[in-house]
Amino acid sequence: MLETVFRGIVRGKTIELDQEPALPSGQEVAVLLQPLPSPATAPTDWAAREALRRAAGSWAAEAEAVEQFLDWNRQQRQSNRREISE
């Protein structure tokens, strides 16, 4: 199933999307409404943050591989550190 996140504004029973959904007119869709934070607290790049949130969720099926990668990454950073001299 294709899932795409759009931003929009509710105007009564109509939701005005910020871009074309690339679906034929009359196509039934499921809609999950999530109010966005107020502009004062909103992330600067909402779409990028949403994409990252969705991608990170997909890692759940590969939790062991992700953990191995993170361990390897930590080891690489440890081995490349310079000694601190006093």
# chains A, B, ... in the order shown; residues from 1 in each chain; ligands from 1
>>> select_by_dssp(residues="chain A", states="alpha helix (DSSP H)", output="PyMOL selection string")
chain A and resi 46-58+63-79
>>> write_last_selection(atoms="C-alpha atoms", output="compact mmCIF listing (two decimals), in the first residue's frame")
# COMPACT_ATOMS: atom_id res chain seq x y z
CA TRP A 46 8.18 19.02 8.95
CA ALA A 47 8.24 16.73 5.91
CA ALA A 48 11.86 15.71 6.50
CA ARG A 49 11.21 15.00 10.18
CA GLU A 50 8.14 12.93 9.33
CA ALA A 51 10.13 10.94 6.76
CA LEU A 52 12.84 10.27 9.34
CA ARG A 53 10.25 9.17 11.92
CA ARG A 54 8.72 6.74 9.44
CA ALA A 55 12.12 5.41 8.32
CA ALA A 56 13.27 4.86 11.90
CA GLY A 57 10.13 2.85 12.58
CA SER A 58 11.02 0.54 9.72
CA ALA A 63 16.80 -4.22 15.46
CA GLU A 64 19.71 -6.66 15.83
CA ALA A 65 21.44 -5.42 12.66
CA VAL A 66 20.94 -1.80 13.72
CA GLU A 67 22.41 -2.57 17.15
CA GLN A 68 25.44 -4.23 15.52
CA PHE A 69 25.96 -1.20 13.30
CA LEU A 70 25.71 1.17 16.28
CA ASP A 71 28.24 -0.92 18.23
CA TRP A 72 30.62 -0.89 15.25
CA ASN A 73 30.14 2.87 14.90
CA ARG A 74 30.96 3.43 18.60
CA GLN A 75 34.10 1.29 18.27
CA GLN A 76 35.24 3.27 15.21
CA ARG A 77 34.82 6.56 17.05
CA GLN A 78 36.72 5.21 20.07
CA SER A 79 39.65 3.94 18.01
>>> residues_around(residues="region 28-34 of chain A", least_positions_apart="5", cutoff="10 Å", atoms="only C-alpha atoms", output="count of residues only")
6
>>> select_by_dssp(residues="chain A", states="strand (DSSP E)", output="list in words")
Gly8, Ile9, Val10, Arg11, Thr14, Ile15, Glu16 and Leu17 of chain A
>>> residues_around(residues="Phe6 (chain A)", least_positions_apart="6", cutoff="10 Å", atoms="only C-alpha atoms", output="VMD selection string")
chain A and resid 16 to 21 47
>>> write_last_selection(atoms="C-alpha atoms", output="PDB file, in the first residue's frame")
ATOM      1  CA  GLU A  16      -6.969  21.679   1.428  1.00  0.00           C
ATOM      2  CA  LEU A  17      -3.681  19.895   0.678  1.00  0.00           C
ATOM      3  CA  ASP A  18      -0.424  21.738   0.076  1.00  0.00           C
ATOM      4  CA  GLN A  19       0.259  19.664  -3.066  1.00  0.00           C
ATOM      5  CA  GLU A  20      -1.526  17.466  -5.590  1.00  0.00           C
ATOM      6  CA  PRO A  21      -2.070  13.924  -4.259  1.00  0.00           C
ATOM      7  CA  ALA A  47       8.237  16.732   5.909  1.00  0.00           C
TER       8      ALA A  47
END
